[in-house]
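Dumped start24.txt below, it's compact mmCIF, C-alpha atoms:
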```
# COMPACT_ATOMS: atom_id res chain seq x y z
CA MET P 5 132.08 -60.70 -21.82
CA ALA P 6 131.54 -58.44 -18.77
CA GLU P 7 129.48 -55.34 -19.39
CA VAL P 8 131.38 -52.06 -19.07
CA ARG P 9 130.01 -50.02 -16.16
CA VAL P 10 129.42 -46.42 -17.19
CA ASP P 11 130.42 -43.97 -14.48
CA SER P 12 132.06 -40.78 -15.72
CA LEU P 13 132.61 -39.57 -12.16
CA GLU P 14 135.23 -42.26 -11.54
CA PHE P 15 137.64 -40.07 -13.52
CA PHE P 16 137.14 -37.24 -11.00
CA LYS P 17 138.29 -39.25 -7.99
CA SER P 18 141.98 -38.35 -8.28
CA HIS P 19 141.08 -34.69 -8.75
CA TRP P 20 138.87 -34.58 -5.67
CA THR P 21 141.65 -36.31 -3.71
CA ALA P 22 144.12 -33.68 -4.90
CA TRP P 23 141.69 -30.83 -4.12
CA ARG P 24 141.16 -32.29 -0.65
CA TYR P 25 144.91 -32.17 0.05
CA LEU P 26 145.12 -28.69 -1.49
CA GLY P 27 142.45 -27.40 0.88
CA VAL P 28 139.82 -26.45 -1.71
CA ALA P 29 137.41 -29.40 -1.33
CA HIS P 30 135.37 -27.87 1.50
CA LEU P 31 132.16 -28.79 -0.34
CA ARG P 32 133.01 -32.47 0.08
CA VAL P 33 134.18 -32.35 3.70
CA GLU P 34 131.56 -33.30 6.29
CA ASN P 35 133.55 -34.14 9.42
CA TRP P 36 135.92 -31.73 11.17
CA LYS P 37 134.92 -28.94 8.79
CA ASN P 38 136.30 -26.12 10.97
CA LEU P 39 139.65 -27.89 11.25
CA TYR P 40 139.71 -28.39 7.47
CA VAL P 41 139.00 -24.69 6.89
CA PHE P 42 141.92 -23.82 9.20
CA TYR P 43 144.18 -26.27 7.29
CA SER P 44 143.01 -24.78 3.99
CA ILE P 45 143.80 -21.20 5.03
CA LEU P 46 147.17 -22.10 6.53
CA SER P 47 148.41 -24.31 3.65
CA ASN P 48 147.33 -21.89 0.93
CA LEU P 49 148.79 -18.94 2.79
CA LEU P 50 152.15 -20.68 3.33
CA VAL P 51 152.43 -22.26 -0.15
CA THR P 52 149.95 -20.92 -2.71
CA LEU P 53 150.72 -17.30 -1.77
CA CYS P 54 154.15 -17.37 -0.11
CA TYR P 55 155.93 -19.85 -2.40
CA PRO P 56 155.85 -17.62 -5.52
CA VAL P 57 156.67 -14.59 -3.33
CA HIS P 58 159.80 -16.20 -1.88
CA LEU P 59 160.93 -17.02 -5.42
CA GLY P 60 160.05 -13.58 -6.80
CA MET P 61 162.01 -11.75 -4.07
CA SER P 62 165.17 -13.31 -5.50
CA LEU P 63 164.61 -12.44 -9.18
CA PHE P 64 167.89 -11.38 -10.89
CA ARG P 65 169.68 -11.24 -7.53
CA ASN P 66 171.36 -14.63 -7.62
CA ARG P 67 175.00 -15.61 -7.75
CA THR P 68 175.05 -16.93 -11.33
CA LEU P 69 173.13 -16.39 -14.57
CA THR P 70 172.04 -20.05 -14.51
CA GLU P 71 170.39 -19.48 -11.13
CA ASP P 72 168.69 -16.34 -12.45
CA ILE P 73 167.17 -18.27 -15.37
CA LEU P 74 166.10 -21.15 -13.12
CA ASN P 75 164.62 -18.67 -10.66
CA LEU P 76 162.70 -16.83 -13.43
CA THR P 77 161.18 -19.95 -15.01
CA THR P 78 160.23 -21.45 -11.64
CA PHE P 79 158.74 -18.15 -10.45
CA ALA P 80 156.60 -17.80 -13.60
CA THR P 81 155.38 -21.40 -13.38
CA CYS P 82 154.61 -21.27 -9.65
CA THR P 83 152.85 -17.92 -9.90
CA ALA P 84 150.65 -19.20 -12.74
CA CYS P 85 150.01 -22.41 -10.80
CA SER P 86 148.91 -20.49 -7.69
CA VAL P 87 146.61 -18.16 -9.64
CA LYS P 88 145.00 -21.10 -11.48
CA CYS P 89 144.47 -22.96 -8.21
CA LEU P 90 142.78 -19.93 -6.61
CA LEU P 91 140.52 -19.51 -9.66
CA TYR P 92 139.50 -23.17 -9.53
CA ALA P 93 138.94 -22.95 -5.77
CA TYR P 94 136.66 -19.92 -6.25
CA ASN P 95 134.56 -21.80 -8.86
CA ILE P 96 134.75 -25.28 -7.31
CA LYS P 97 130.95 -25.44 -6.91
CA ASP P 98 130.68 -25.64 -10.72
CA VAL P 99 132.29 -29.10 -10.58
CA LEU P 100 129.25 -30.38 -8.65
CA GLU P 101 126.97 -29.17 -11.44
CA MET P 102 129.21 -30.88 -14.02
CA GLU P 103 128.89 -34.10 -12.05
CA ARG P 104 125.10 -33.80 -12.05
CA LEU P 105 125.02 -33.40 -15.84
CA LEU P 106 127.39 -36.32 -16.33
CA ARG P 107 125.16 -38.57 -14.20
CA LEU P 108 122.19 -37.70 -16.43
CA LEU P 109 124.23 -38.47 -19.56
CA ASP P 110 125.58 -41.74 -18.09
CA GLU P 111 122.03 -42.97 -17.49
CA ARG P 112 121.33 -42.68 -21.21
CA VAL P 113 124.18 -44.97 -22.29
CA VAL P 114 122.80 -48.30 -23.52
CA GLY P 115 124.01 -51.13 -25.74
CA PRO P 116 127.46 -52.58 -26.38
CA GLU P 117 128.26 -50.07 -29.13
CA GLN P 118 127.94 -47.06 -26.84
CA ARG P 119 129.63 -48.85 -23.94
CA SER P 120 132.62 -49.66 -26.15
CA ILE P 121 133.04 -45.91 -26.76
CA TYR P 122 133.08 -45.39 -23.01
CA GLY P 123 135.68 -48.16 -22.73
CA GLN P 124 137.93 -46.21 -25.12
CA VAL P 125 137.70 -43.20 -22.80
CA ARG P 126 139.48 -45.15 -20.06
CA VAL P 127 142.38 -45.84 -22.40
CA GLN P 128 142.57 -42.20 -23.53
CA LEU P 129 142.49 -40.81 -20.00
CA ARG P 130 145.05 -43.36 -18.82
CA ASN P 131 147.32 -42.08 -21.59
CA VAL P 132 146.69 -38.51 -20.41
CA LEU P 133 147.76 -39.57 -16.90
CA TYR P 134 150.94 -41.13 -18.34
CA VAL P 135 151.67 -37.87 -20.17
CA PHE P 136 151.51 -35.87 -16.94
CA ILE P 137 153.62 -38.41 -15.05
CA GLY P 138 156.11 -38.26 -17.90
CA ILE P 139 156.12 -34.47 -17.59
CA TYR P 140 156.62 -34.13 -13.85
CA MET P 141 158.94 -37.01 -12.97
CA PRO P 142 161.99 -36.08 -15.13
CA CYS P 143 161.70 -32.39 -14.20
CA ALA P 144 161.51 -33.18 -10.48
CA LEU P 145 164.32 -35.75 -10.80
CA PHE P 146 166.81 -33.45 -12.56
CA ALA P 147 165.91 -30.49 -10.33
CA GLU P 148 166.78 -32.69 -7.34
CA LEU P 149 169.96 -34.06 -8.96
CA SER P 150 171.08 -30.56 -9.90
CA PHE P 151 170.61 -29.60 -6.27
CA LEU P 152 172.43 -32.67 -4.88
CA PHE P 153 175.45 -32.31 -7.16
CA LYS P 154 176.16 -28.70 -6.23
CA GLU P 155 179.69 -28.24 -4.98
CA GLU P 156 178.67 -25.73 -2.32
CA ARG P 157 175.63 -25.31 -0.09
CA GLY P 158 172.58 -24.16 -2.05
CA LEU P 159 168.82 -24.42 -2.52
CA MET P 160 166.81 -26.54 -4.92
CA TYR P 161 165.43 -23.31 -6.43
CA PRO P 162 167.11 -19.91 -5.96
CA ALA P 163 164.92 -17.93 -3.58
CA TRP P 164 164.79 -15.43 -0.72
CA PHE P 165 164.28 -16.34 2.95
CA PRO P 166 163.95 -13.97 5.91
CA PHE P 167 166.81 -15.76 7.68
CA ASP P 168 170.41 -16.72 6.92
CA TRP P 169 170.24 -20.25 5.49
CA LEU P 170 173.77 -20.18 4.03
CA HIS P 171 175.70 -20.05 7.30
CA SER P 172 173.31 -21.92 9.58
CA THR P 173 172.81 -25.68 9.24
CA ARG P 174 169.44 -25.59 10.99
CA ASN P 175 168.15 -22.76 8.77
CA TYR P 176 169.54 -24.52 5.72
CA TYR P 177 167.49 -27.65 6.45
CA ILE P 178 164.38 -25.56 7.21
CA ALA P 179 164.72 -23.71 3.89
CA ASN P 180 165.15 -26.91 1.88
CA ALA P 181 162.30 -28.67 3.69
CA TYR P 182 160.03 -25.73 2.86
CA GLN P 183 161.05 -25.84 -0.81
CA ILE P 184 160.55 -29.61 -1.11
CA VAL P 185 157.13 -29.56 0.60
CA GLY P 186 156.14 -26.44 -1.33
CA ILE P 187 157.10 -27.75 -4.76
CA THR P 188 155.26 -31.02 -4.03
CA PHE P 189 152.16 -28.97 -3.15
CA GLN P 190 152.59 -26.91 -6.33
CA LEU P 191 153.06 -30.01 -8.50
CA LEU P 192 149.78 -31.35 -7.12
CA GLN P 193 148.12 -28.03 -7.97
CA ASN P 194 149.62 -28.18 -11.44
CA TYR P 195 148.42 -31.73 -12.01
CA VAL P 196 144.80 -31.03 -11.12
CA SER P 197 144.64 -27.69 -12.98
CA ASP P 198 146.14 -29.12 -16.18
CA CYS P 199 144.56 -32.58 -16.11
CA PHE P 200 140.98 -31.71 -15.13
CA PRO P 201 140.15 -29.68 -18.29
CA ALA P 202 141.46 -32.51 -20.50
CA VAL P 203 139.40 -35.11 -18.60
CA VAL P 204 136.10 -33.18 -18.88
CA LEU P 205 136.66 -32.29 -22.56
CA CYS P 206 137.42 -35.96 -23.27
CA LEU P 207 134.20 -37.03 -21.51
CA ILE P 208 132.21 -34.50 -23.53
CA SER P 209 133.64 -35.91 -26.77
CA SER P 210 132.73 -39.44 -25.74
CA HIS P 211 129.16 -38.46 -24.84
CA ILE P 212 128.76 -36.68 -28.19
CA LYS P 213 129.89 -39.89 -29.95
CA MET P 214 127.41 -41.94 -27.91
CA LEU P 215 124.64 -39.45 -28.71
CA TYR P 216 125.56 -39.83 -32.38
CA LYS P 217 124.96 -43.59 -32.10
CA ARG P 218 121.62 -43.04 -30.36
CA PHE P 219 120.49 -40.65 -33.09
CA GLU P 220 121.29 -43.19 -35.79
CA LYS P 221 118.93 -45.72 -34.17
CA VAL P 222 115.95 -43.36 -33.83
CA GLY P 223 112.97 -44.70 -35.77
CA LEU P 224 114.53 -48.07 -36.64
CA ASP P 225 112.62 -50.05 -33.99
CA PRO P 226 108.86 -50.00 -34.81
CA ALA P 227 108.06 -51.04 -31.22
CA ARG P 228 109.45 -47.76 -29.85
CA ASP P 229 108.00 -44.27 -30.06
CA ALA P 230 110.39 -42.54 -32.48
CA GLU P 231 109.31 -39.03 -31.51
CA LYS P 232 109.96 -39.64 -27.82
CA ASP P 233 113.38 -41.10 -28.68
CA LEU P 234 114.12 -37.98 -30.72
CA GLU P 235 113.05 -35.72 -27.84
CA ALA P 236 115.28 -37.68 -25.45
CA CYS P 237 118.25 -37.22 -27.81
CA ILE P 238 117.54 -33.49 -28.07
CA THR P 239 117.47 -33.30 -24.25
CA ASP P 240 120.81 -35.13 -24.15
CA HIS P 241 122.22 -32.57 -26.57
CA LYS P 242 121.05 -29.75 -24.28
CA HIS P 243 122.77 -31.42 -21.31
CA ILE P 244 126.00 -31.81 -23.29
CA LEU P 245 125.89 -28.15 -24.36
CA GLU P 246 125.29 -27.05 -20.75
CA LEU P 247 128.20 -29.23 -19.58
CA PHE P 248 130.37 -27.75 -22.34
CA ARG P 249 129.50 -24.17 -21.32
CA ARG P 250 130.19 -24.98 -17.66
CA ILE P 251 133.67 -26.36 -18.34
CA GLU P 252 134.45 -23.52 -20.75
CA ALA P 253 133.64 -20.93 -18.08
CA PHE P 254 135.53 -22.96 -15.46
CA ILE P 255 138.79 -23.23 -17.43
CA SER P 256 138.65 -20.01 -19.47
CA LEU P 257 141.02 -17.79 -17.44
CA PRO P 258 143.30 -20.61 -16.18
CA MET P 259 143.88 -21.82 -19.74
CA LEU P 260 144.66 -18.28 -20.93
CA ILE P 261 147.24 -17.98 -18.14
CA GLN P 262 148.69 -21.36 -19.07
CA PHE P 263 149.03 -20.47 -22.78
CA THR P 264 150.87 -17.26 -21.88
CA VAL P 265 153.21 -18.87 -19.36
CA THR P 266 153.94 -21.78 -21.72
CA ALA P 267 155.11 -19.46 -24.51
CA LEU P 268 157.25 -17.45 -22.09
CA ASN P 269 158.84 -20.42 -20.32
CA VAL P 270 159.56 -22.43 -23.47
CA CYS P 271 161.38 -19.40 -24.85
CA ILE P 272 163.36 -18.73 -21.64
CA GLY P 273 164.15 -22.42 -21.17
CA ILE P 274 165.55 -22.88 -24.68
CA ALA P 275 167.44 -19.56 -24.54
CA GLY P 276 169.03 -20.59 -21.24
CA LEU P 277 169.87 -24.03 -22.63
CA VAL P 278 171.48 -22.64 -25.79
CA PHE P 279 173.29 -19.57 -24.49
CA PHE P 280 173.77 -19.55 -20.74
CA VAL P 281 173.59 -22.92 -18.94
CA SER P 282 176.72 -25.10 -18.88
CA GLU P 283 176.24 -27.47 -15.90
CA PRO P 284 175.22 -30.98 -17.13
CA MET P 285 172.38 -31.51 -14.64
CA ALA P 286 171.03 -28.01 -15.19
CA ARG P 287 171.11 -28.60 -18.96
CA MET P 288 169.14 -31.84 -18.58
CA TYR P 289 166.64 -30.05 -16.37
CA PHE P 290 166.04 -27.31 -18.96
CA ILE P 291 165.72 -29.88 -21.78
CA PHE P 292 162.91 -31.72 -19.96
CA TYR P 293 161.41 -28.46 -18.70
CA SER P 294 161.19 -27.05 -22.25
CA LEU P 295 159.49 -30.26 -23.39
CA ALA P 296 157.16 -30.41 -20.39
CA MET P 297 155.66 -26.94 -20.74
CA PRO P 298 153.94 -27.50 -24.13
CA LEU P 299 152.90 -31.03 -23.11
CA GLN P 300 150.91 -29.51 -20.25
CA ILE P 301 148.52 -27.81 -22.68
CA PHE P 302 148.51 -30.46 -25.43
CA PRO P 303 145.83 -32.84 -23.97
CA SER P 304 143.35 -29.99 -23.39
CA CYS P 305 143.98 -28.59 -26.87
CA PHE P 306 143.62 -32.04 -28.43
CA PHE P 307 140.28 -32.78 -26.75
CA GLY P 308 139.11 -29.22 -27.40
CA THR P 309 139.66 -29.89 -31.12
CA ASP P 310 137.90 -33.26 -30.78
CA ASN P 311 134.90 -31.51 -29.18
CA GLU P 312 134.63 -29.05 -32.03
CA TYR P 313 134.82 -31.85 -34.62
CA TRP P 314 132.10 -34.03 -33.04
CA PHE P 315 129.78 -31.11 -32.30
CA GLY P 316 130.06 -30.27 -35.98
CA ARG P 317 128.99 -33.78 -37.03
CA LEU P 318 125.79 -34.12 -34.99
CA HIS P 319 123.54 -32.87 -37.76
CA TYR P 320 124.77 -35.76 -39.93
CA ALA P 321 123.63 -38.13 -37.18
CA ALA P 322 120.15 -36.58 -37.23
CA PHE P 323 119.81 -37.19 -40.95
CA SER P 324 121.10 -40.76 -40.50
CA CYS P 325 117.99 -41.76 -38.54
CA ASN P 326 114.82 -43.10 -40.17
CA TRP P 327 113.28 -39.62 -40.47
CA HIS P 328 111.77 -39.76 -43.97
CA THR P 329 108.94 -42.12 -42.94
CA LYS P 330 107.89 -40.05 -39.92
CA ASN P 331 105.14 -37.48 -39.45
CA ARG P 332 105.41 -33.70 -39.75
CA SER P 333 105.79 -33.15 -35.98
CA PHE P 334 108.83 -35.44 -35.91
CA LYS P 335 110.41 -33.71 -38.91
CA ARG P 336 109.80 -30.25 -37.44
CA LYS P 337 111.55 -31.17 -34.18
CA MET P 338 114.40 -32.76 -36.08
CA MET P 339 114.91 -29.65 -38.22
CA LEU P 340 114.93 -27.45 -35.12
CA PHE P 341 117.62 -29.68 -33.64
CA VAL P 342 119.65 -29.55 -36.86
CA GLU P 343 119.52 -25.73 -36.84
CA GLN P 344 120.71 -25.70 -33.24
CA SER P 345 123.51 -28.21 -33.91
CA LEU P 346 124.86 -26.15 -36.84
CA LYS P 347 125.98 -23.48 -34.37
CA LYS P 348 129.73 -23.83 -33.89
CA SER P 349 130.81 -24.89 -30.39
CA THR P 350 134.44 -24.13 -29.59
CA ALA P 351 135.95 -23.71 -26.12
CA VAL P 352 137.63 -20.31 -25.79
CA ALA P 353 140.23 -19.27 -23.21
CA GLY P 354 139.74 -15.77 -21.84
CA GLY P 355 137.36 -14.91 -24.65
CA MET P 356 140.35 -14.68 -27.02
CA MET P 357 142.12 -17.97 -27.71
CA ARG P 358 140.50 -21.22 -28.80
CA ILE P 359 141.35 -24.31 -26.74
CA HIS P 360 142.40 -26.02 -29.92
CA LEU P 361 145.44 -27.59 -31.57
CA ASP P 362 145.80 -24.43 -33.68
CA THR P 363 146.39 -22.49 -30.45
CA PHE P 364 148.87 -25.13 -29.27
CA PHE P 365 151.00 -24.57 -32.39
CA SER P 366 150.47 -20.80 -32.17
CA THR P 367 151.86 -20.91 -28.62
CA LEU P 368 154.99 -22.68 -29.87
CA LYS P 369 155.30 -20.12 -32.68
CA GLY P 370 155.01 -17.36 -30.08
CA ALA P 371 157.82 -18.93 -28.06
CA TYR P 372 159.96 -19.10 -31.21
CA SER P 373 159.25 -15.42 -31.98
CA LEU P 374 160.39 -14.41 -28.49
CA PHE P 375 163.49 -16.57 -28.94
CA THR P 376 164.42 -14.79 -32.20
CA ILE P 377 164.11 -11.45 -30.36
CA ILE P 378 166.62 -12.70 -27.77
CA ILE P 379 169.01 -13.78 -30.52
CA ARG P 380 168.83 -10.34 -32.15
CA MET P 381 169.41 -8.62 -28.80
CA ARG P 382 172.54 -10.73 -28.24
CA LYS P 383 173.87 -9.71 -31.66
```

Structure re-expressed in structure tokens:
Amino acid sequence: MAEVRVDSLEFFKSHWTAWRYLGVAHLRVENWKNLYVFYSILSNLLVTLCYPVHLGMSLFRNRTLTEDILNLTTFATCTACSVKCLLYAYNIKDVLEMERLLRLLDERVVGPEQRSIYGQVRVQLRNVLYVFIGIYMPCALFAELSFLFKEERGLMYPAWFPFDWLHSTRNYYIANAYQIVGITFQLLQNYVSDCFPAVVLCLISSHIKMLYKRFEKVGLDPARDAEKDLEACITDHKHILELFRRIEAFISLPMLIQFTVTALNVCIGIAGLVFFVSEPMARMYFIFYSLAMPLQIFPSCFFGTDNEYWFGRLHYAAFSCNWHTKNRSFKRKMMLFVEQSLKKSTAVAGGMMRIHLDTFFSTLKGAYSLFTIIIRMRK
């Protein structure tokens, strides 16, 4: 059986590719750097900044209530997407430090038992990728179909343009080309900002599990120096904690924004679906949109919960090793590690909300509460 090659950075390749297209990967660009900086400024000015603005200028000024609801949900999502992308771009250097820590942790993976855990990570992250494809494809499809089946000339998303697109064929094609290119750019931003936290949190969970296995074997082999093995495991734990703090700081504000926008858009989407939208394609779009919004935060919340669980079990691993036959120095170091590992480690968004399944369900409850307010206002 072929040995599984351990390389956590392989899961970052798609993200670096996306960041390169989004104009925020200047740290990885060596050739034509000035040209890339120009491309970065131009693309982010035209899309990251101007796309939400051109949607926001049309808020509650559209021809129908359906268009107003579509405009509002798209504006909220695109604005959040742009802000998250700018936050990630500002802190992109932290990703390089995360990669350094992951290389150190990868070097410590030995034996088929630990490598099998790493093999499971590939399956989990492939499933995460399928979740995001399942989110974006139906939404994009029904947004396009809703646009194509319009009886009169219109835009994919209701928006404002500084020219008359309704009565000019040339301007009409320019407006739609801008919206198609812009929403593709924004979907790429959304993918990397929602998928990256889940990937890193998943890798942290897997490395905690592998550290657990290494702890269990400390002191079992008389040919090895048990105290040095213990010290190496404690160093691994420090690296994992540093990686955890890095990713927490990196995703803290973006995740807070995403939680807020998810609650708002789920509420607006369901309210529009139940009370206001009658066109079949628009109804299908809002059905998939209302399902997609919570699915965007679910992988990060799931792996955030997994992190908390495995961090909380490390002290059991320490006591599973062959500690009772060792000297006082070994036992002292082990007890210091146990005291350190008892400290609860939970990723927090914006210093307020845990990146946890409890927060996922609280977000849905918040959306429901807003929905009940809308029902009462209608009565």

Which residues of segment 146-233 of chain P come within 10 Å of segment 5-24 of chain P, and what is each one's closest atom pair and distance in Å (one decimal), counting all atoms listed in the file, sorted by chain and residue number, as CSV?
```
residue,atom,partner,partner_atom,distance
P:Phe189,CA,P:Ala22,CA,9.5
P:Leu192,CA,P:Ala22,CA,6.5
P:Gln193,CA,P:Ala22,CA,7.6
P:Tyr195,CA,P:Ala22,CA,8.5
P:Val196,CA,P:His19,CA,5.7
P:Ser197,CA,P:His19,CA,8.9
P:Cys199,CA,P:His19,CA,8.4
P:Phe200,CA,P:His19,CA,7.0
P:Val203,CA,P:Phe15,CA,7.3
P:Val204,CA,P:Phe15,CA,8.9
P:Leu207,CA,P:Ser12,CA,7.2
P:His211,CA,P:Ser12,CA,9.8
```

- Distance in Å - atom CA of Gln190 of chain P versus atom CA of Tyr55 of chain P: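 Atom-to-atom, atom CA of Gln190 of chain P and atom CA of Tyr55 of chain P are spaced 8.7 Å apart.
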
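Residues with any atom within 8 Å of Ala267 of chain P, counting all atoms listed in the file and excluding same-chain neighbours fewer than 4 positions away, are Phe263, Cys271, Thr367, Leu368, Gly370 and Ala371 of chain P.
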
- Query: How many Å separate atom CA of Leu215 of chain P from atom CA of Lys335 of chain P?
  - Reply: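 Separation between atom CA of Leu215 of chain P and atom CA of Lys335 of chain P: 18.4 Å.
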
- Message: Using all atoms listed in the file, can you tell me which of P:Gly223, P:Arg250, P:Met214, P:Leu268 comes closest to Phe79 of chain P?
- Response: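 Looking at the shortest contact to Phe79 of chain P, the residue is P:Leu268.
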
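Taking atom CA of Leu46 of chain P and atom CA of Tyr25 of chain P as endpoints, the distance between them is 12.2 Å.
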
- Given the choices P:Leu74, P:Leu50, P:Val87, P:Leu191, which gets closest to Gly276 of chain P if the distance is worked out from only C-alpha atoms?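 Among P:Leu74, P:Leu50, P:Val87, P:Leu191, it is P:Leu74 that comes nearest to Gly276 of chain P.
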
- Item | Shortest interatomic distance to Val114 of chain P - which of P:Pro226, P:Val135, P:Lys217, P:Asn311, counting all atoms listed in the file |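 Distance minimum relative to Val114 of chain P lands on P:Lys217.
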